[in-house]
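To keep things clear, I will list the structure first and then write my remarks on it.
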Amino acid sequence: MTLLKCATHVVADLADAVARYERWMDYRAVEQGAVPADLAQAWSAPASAGRSYAVLQPASGAEVFLRFVEGDPVPDYAPIRTYGWAAIELCVNDVDAVHARMQESPFEVIGPPRPLDGFATIKPMQVRGDDLETVYLTQILQPGPDTGLPEPKSLVDRPFIMVLACPDLRKTAQWVKDVLGLPMIDPVAIRYTMIEKAFGLPDTAKTELTTARGAGQVFLELDQYPEAATERPRHKGALPPGVAITTMLYPDFDRLEGHWASAPVAREGAVYGGRRTGVLVTPEGALLEIVEGGEI
């Protein structure tokens, strides 16, 4: 199983975003409403209270969701340039077929399918949507417990890795170990074309990254961003633009005492299922929502 539960992205027009993912990613809306005031407060985003949201589920039926929350565009925001949650990675069962579909879609292909430097287990591509969302669409070439990677059950399946852009990779990796108790692989340096393009780096540049595994599957990637990266601009009191929140399952709430930015309370809905949910903040200020459940 995976500990990953939901990826939340801020969008300018909820209906447009939902329609885009239903048509081209085969997702379906399973919940819609307005963000409750107490939930917005837990996210340290009181200005997001009352904004429309939708929760979408992949065609496979996996209970790992995308959530879109309406928010006002931030003029100074540029994707893959700031610290925080940088991208959503969805697993697919045929990346070349997905590439053909994306070429007919409103998504911009910013990275065609290609082997990833140093990782023979996957073949990714990347697209960007109308809300400046960066989505990695990754075929799993070697699924199973040895690799910690899932086997997709639909052409476009669930989020399986969330990507966190870090000013200090080792500091954040240590935080993941200390707070969550999750093992991290030693950092590796690869050629990372998305970061190369975003920062105008030469093709000889290397980016360090590391990944975390929980419940037998890799679900978190930490990327070391260049010195030119900045904090993410945002409207006062609102969720940050782009990927605003990652939600994960975690069984040991006693371990997290003293680390909560927002104390756990029981919440209803597709993402929470009536379970206790609290919020942590990573060293770079990204929101990590924790739902009680799963096993490490």
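Letters A, B, ... go to the chains of the structure tokens in the order shown; residues in each chain start at 1; ligands are counted from 1 in the same order.
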Pick out the residues sitting within 12 Å of Ala45 (chain A), and hand them over as a ChimeraX atom specification; count only C-alpha atoms, and ignore anything fewer than 2 positions along from it in its own chain. /A:35-43,47-51,69,71,234-241,244-245,262,287
Using only C-alpha atoms, please write the residues we just selected to a file, as a PDB file, in the first residue's frame.
ATOM      1  CA  VAL A  35     -13.615  24.753   2.226  1.00  0.00           C
ATOM      2  CA  PRO A  36     -14.780  24.833   5.878  1.00  0.00           C
ATOM      3  CA  ALA A  37     -13.411  27.718   7.933  1.00  0.00           C
ATOM      4  CA  ASP A  38     -11.799  25.435  10.510  1.00  0.00           C
ATOM      5  CA  LEU A  39      -9.999  23.446   7.802  1.00  0.00           C
ATOM      6  CA  ALA A  40      -8.706  26.629   6.149  1.00  0.00           C
ATOM      7  CA  GLN A  41      -7.476  27.762   9.564  1.00  0.00           C
ATOM      8  CA  ALA A  42      -5.696  24.413  10.047  1.00  0.00           C
ATOM      9  CA  TRP A  43      -3.918  25.075   6.741  1.00  0.00           C
ATOM     10  CA  ALA A  47      -8.594  33.475   3.284  1.00  0.00           C
ATOM     11  CA  SER A  48      -9.228  30.125   1.557  1.00  0.00           C
ATOM     12  CA  ALA A  49     -12.311  29.501   3.720  1.00  0.00           C
ATOM     13  CA  GLY A  50     -15.464  29.253   1.642  1.00  0.00           C
ATOM     14  CA  ARG A  51     -13.591  28.717  -1.627  1.00  0.00           C
ATOM     15  CA  VAL A  69      -9.199  24.395  -4.414  1.00  0.00           C
ATOM     16  CA  GLY A  71      -7.804  30.552  -5.482  1.00  0.00           C
ATOM     17  CA  ARG A 234       1.171  33.983  -2.182  1.00  0.00           C
ATOM     18  CA  HIS A 235      -1.841  36.109  -1.365  1.00  0.00           C
ATOM     19  CA  LYS A 236      -2.010  36.993   2.317  1.00  0.00           C
ATOM     20  CA  GLY A 237      -3.840  34.338   4.301  1.00  0.00           C
ATOM     21  CA  ALA A 238      -4.467  32.099   1.278  1.00  0.00           C
ATOM     22  CA  LEU A 239      -3.115  28.748   0.198  1.00  0.00           C
ATOM     23  CA  PRO A 240       0.070  29.084  -1.865  1.00  0.00           C
ATOM     24  CA  PRO A 241      -0.270  28.751  -5.643  1.00  0.00           C
ATOM     25  CA  ALA A 244      -0.332  23.626  -1.891  1.00  0.00           C
ATOM     26  CA  ILE A 245      -0.683  20.504   0.264  1.00  0.00           C
ATOM     27  CA  SER A 262      -2.346  22.360  13.633  1.00  0.00           C
ATOM     28  CA  LEU A 287       2.027  21.968   4.296  1.00  0.00           C
TER      29      LEU A 287
END
Could you list, as an MDAnalysis selection string, every residue within 10 Å of Met102 (chain A), counting only C-alpha atoms and ignoring same-chain residues fewer than 3 positions away? chainID A and resid 24:25 96:99 105:109 112 126:127
Could the residues in this selection be written to a file with N, CA, C and O atoms, as a PDB file, in the first residue's frame?
ATOM      1  N   TRP A  24      -9.210  14.291 -19.890  1.00  0.00           N
ATOM      2  CA  TRP A  24      -7.909  13.884 -20.410  1.00  0.00           C
ATOM      3  C   TRP A  24      -7.120  12.950 -19.494  1.00  0.00           C
ATOM      4  O   TRP A  24      -6.209  12.271 -19.939  1.00  0.00           O
ATOM      5  N   MET A  25      -7.470  12.905 -18.217  1.00  0.00           N
ATOM      6  CA  MET A  25      -6.780  12.017 -17.274  1.00  0.00           C
ATOM      7  C   MET A  25      -7.685  10.892 -16.766  1.00  0.00           C
ATOM      8  O   MET A  25      -7.242  10.052 -15.977  1.00  0.00           O
ATOM      9  N   ASP A  96       3.792   6.156 -23.629  1.00  0.00           N
ATOM     10  CA  ASP A  96       3.734   6.593 -25.024  1.00  0.00           C
ATOM     11  C   ASP A  96       2.294   6.842 -25.462  1.00  0.00           C
ATOM     12  O   ASP A  96       2.014   7.798 -26.193  1.00  0.00           O
ATOM     13  N   ALA A  97       1.364   6.007 -24.993  1.00  0.00           N
ATOM     14  CA  ALA A  97      -0.050   6.249 -25.285  1.00  0.00           C
ATOM     15  C   ALA A  97      -0.532   7.521 -24.604  1.00  0.00           C
ATOM     16  O   ALA A  97      -1.310   8.301 -25.180  1.00  0.00           O
ATOM     17  N   VAL A  98      -0.078   7.759 -23.385  1.00  0.00           N
ATOM     18  CA  VAL A  98      -0.436   8.993 -22.683  1.00  0.00           C
ATOM     19  C   VAL A  98       0.134  10.194 -23.419  1.00  0.00           C
ATOM     20  O   VAL A  98      -0.544  11.227 -23.582  1.00  0.00           O
ATOM     21  N   HIS A  99       1.357  10.080 -23.917  1.00  0.00           N
ATOM     22  CA  HIS A  99       1.966  11.174 -24.672  1.00  0.00           C
ATOM     23  C   HIS A  99       1.132  11.513 -25.900  1.00  0.00           C
ATOM     24  O   HIS A  99       0.875  12.704 -26.188  1.00  0.00           O
ATOM     25  N   SER A 105      -4.492  17.309 -26.211  1.00  0.00           N
ATOM     26  CA  SER A 105      -5.165  17.896 -25.053  1.00  0.00           C
ATOM     27  C   SER A 105      -4.775  19.352 -24.853  1.00  0.00           C
ATOM     28  O   SER A 105      -3.855  19.859 -25.508  1.00  0.00           O
ATOM     29  N   PRO A 106      -5.411  20.040 -23.892  1.00  0.00           N
ATOM     30  CA  PRO A 106      -4.995  21.408 -23.558  1.00  0.00           C
ATOM     31  C   PRO A 106      -3.721  21.447 -22.711  1.00  0.00           C
ATOM     32  O   PRO A 106      -3.186  22.528 -22.487  1.00  0.00           O
ATOM     33  N   PHE A 107      -3.249  20.293 -22.236  1.00  0.00           N
ATOM     34  CA  PHE A 107      -1.987  20.272 -21.492  1.00  0.00           C
ATOM     35  C   PHE A 107      -0.815  20.499 -22.439  1.00  0.00           C
ATOM     36  O   PHE A 107      -0.787  19.965 -23.553  1.00  0.00           O
ATOM     37  N   GLU A 108       0.161  21.267 -21.982  1.00  0.00           N
ATOM     38  CA  GLU A 108       1.386  21.474 -22.746  1.00  0.00           C
ATOM     39  C   GLU A 108       2.396  20.387 -22.376  1.00  0.00           C
ATOM     40  O   GLU A 108       2.704  20.201 -21.194  1.00  0.00           O
ATOM     41  N   VAL A 109       2.897  19.690 -23.373  1.00  0.00           N
ATOM     42  CA  VAL A 109       3.952  18.707 -23.116  1.00  0.00           C
ATOM     43  C   VAL A 109       5.260  19.465 -22.937  1.00  0.00           C
ATOM     44  O   VAL A 109       5.769  20.087 -23.866  1.00  0.00           O
ATOM     45  N   PRO A 112       8.831  15.218 -23.171  1.00  0.00           N
ATOM     46  CA  PRO A 112       8.315  13.988 -23.771  1.00  0.00           C
ATOM     47  C   PRO A 112       8.861  12.758 -23.050  1.00  0.00           C
ATOM     48  O   PRO A 112       9.804  12.863 -22.254  1.00  0.00           O
ATOM     49  N   GLN A 126       6.413  14.826 -18.802  1.00  0.00           N
ATOM     50  CA  GLN A 126       5.880  15.911 -17.987  1.00  0.00           C
ATOM     51  C   GLN A 126       4.973  16.806 -18.837  1.00  0.00           C
ATOM     52  O   GLN A 126       5.249  17.053 -20.020  1.00  0.00           O
ATOM     53  N   VAL A 127       3.888  17.281 -18.204  1.00  0.00           N
ATOM     54  CA  VAL A 127       2.985  18.227 -18.855  1.00  0.00           C
ATOM     55  C   VAL A 127       2.710  19.383 -17.896  1.00  0.00           C
ATOM     56  O   VAL A 127       2.951  19.295 -16.694  1.00  0.00           O
TER      57      VAL A 127
END
Can you list, as a list of chain:residue names, every protein, DNA or RNA residue that comes within 9 Å of Glu284 (chain A) when you count only C-alpha atoms, leaving out same-chain residues fewer than 4 positions away? A:Tyr83, A:Gly84, A:Ala165, A:Cys166, A:Pro167, A:Asp168, A:Thr172, A:Glu231
Selected residues written out, N, CA and C atoms, as a PDB file, in the first residue's frame:
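To be explicit, this is the file written out as again02.pdb:
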ATOM      1  N   TYR A  83      10.521  27.142  -3.554  1.00  0.00           N
ATOM      2  CA  TYR A  83      10.539  26.047  -2.596  1.00  0.00           C
ATOM      3  C   TYR A  83       9.114  25.609  -2.254  1.00  0.00           C
ATOM      4  N   GLY A  84       8.990  24.365  -1.884  1.00  0.00           N
ATOM      5  CA  GLY A  84       7.687  23.817  -1.523  1.00  0.00           C
ATOM      6  C   GLY A  84       7.320  22.662  -2.441  1.00  0.00           C
ATOM      7  N   ALA A 165      10.492  20.665  -3.351  1.00  0.00           N
ATOM      8  CA  ALA A 165      11.661  21.465  -3.700  1.00  0.00           C
ATOM      9  C   ALA A 165      12.281  22.050  -2.439  1.00  0.00           C
ATOM     10  N   CYS A 166      13.572  21.787  -2.216  1.00  0.00           N
ATOM     11  CA  CYS A 166      14.223  22.113  -0.943  1.00  0.00           C
ATOM     12  C   CYS A 166      15.384  23.093  -1.126  1.00  0.00           C
ATOM     13  N   PRO A 167      15.540  24.040  -0.206  1.00  0.00           N
ATOM     14  CA  PRO A 167      16.751  24.855  -0.199  1.00  0.00           C
ATOM     15  C   PRO A 167      17.938  24.115   0.414  1.00  0.00           C
ATOM     16  N   ASP A 168      17.652  23.129   1.256  1.00  0.00           N
ATOM     17  CA  ASP A 168      18.699  22.336   1.915  1.00  0.00           C
ATOM     18  C   ASP A 168      18.201  20.895   1.991  1.00  0.00           C
ATOM     19  N   THR A 172      16.105  18.797   5.158  1.00  0.00           N
ATOM     20  CA  THR A 172      14.744  18.281   5.048  1.00  0.00           C
ATOM     21  C   THR A 172      14.723  16.767   5.172  1.00  0.00           C
ATOM     22  N   GLU A 231      11.433  31.744  -2.092  1.00  0.00           N
ATOM     23  CA  GLU A 231      10.199  31.370  -1.417  1.00  0.00           C
ATOM     24  C   GLU A 231       9.023  31.632  -2.346  1.00  0.00           C
TER      25      GLU A 231
END
As a VMD selection string, please: every residue in region 210-295 of chain A that a backbone DSSP assignment puts in strand (DSSP E). chain A and resid 210 to 214 217 to 224 243 to 250 262 to 266 276 to 281 287 to 292
Please produce, as a Markdown table, a per-residue contact table for region 218-291 of chain A versus region 190-202 of chain A (criterion: any atom at most 12 Å away, only C-alpha atoms considered), showing the nearest atom pair and its distance in Å to one decimal, sorted by chain then residue number.
| residue | atom | partner | partner_atom | distance |
| --- | --- | --- | --- | --- |
| A:Asp223 | CA | A:Ile195 | CA | 9.5 |
| A:Gln224 | CA | A:Ile195 | CA | 9.8 |
| A:Tyr225 | CA | A:Ile195 | CA | 7.8 |
| A:Pro226 | CA | A:Phe199 | CA | 7.8 |
| A:Glu227 | CA | A:Phe199 | CA | 9.8 |
| A:Ala228 | CA | A:Phe199 | CA | 7.5 |
| A:Ala229 | CA | A:Phe199 | CA | 8.3 |
| A:Thr230 | CA | A:Phe199 | CA | 11.5 |
Residues within 8 Å of Met184 (chain A), only C-alpha atoms, excluding chain neighbours under 4 positions, as a list of chain:residue names: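 So the residues in contact are A:Ala173, A:Lys177, A:Thr210, A:Thr211, A:Ala212, A:Arg213.
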Could you pull out all residues of region 186-252 of chain A with a DSSP call of helix (DSSP H, G or I) and give them as a list in words?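 Taking region 186-252 of chain A and keeping helix (DSSP H, G or I) gives Thr193, Met194, Ile195, Glu196, Lys197, Ala198 and Phe199 of chain A.
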Which is closest to Pro150 (chain A) among A:Leu90, A:Gln174, A:Ala261, A:Gly278, if we use only C-alpha atoms? A:Leu90
Could you make a table, as CSV, of the residues of region 68-94 of chain A that have an atom within 10 Å of an atom of region 156-159 of chain A, each with its nearest atom pair and distance in Å to one decimal, counting only C-alpha atoms, in chain and number order?
residue,atom,partner,partner_atom,distance
A:Ile88,CA,A:Pro159,CA,6.6
A:Glu89,CA,A:Pro159,CA,5.5
A:Leu90,CA,A:Pro159,CA,4.2
A:Cys91,CA,A:Asp157,CA,5.4
A:Val92,CA,A:Val156,CA,4.5
A:Asn93,CA,A:Val156,CA,6.9
A:Asp94,CA,A:Val156,CA,8.4
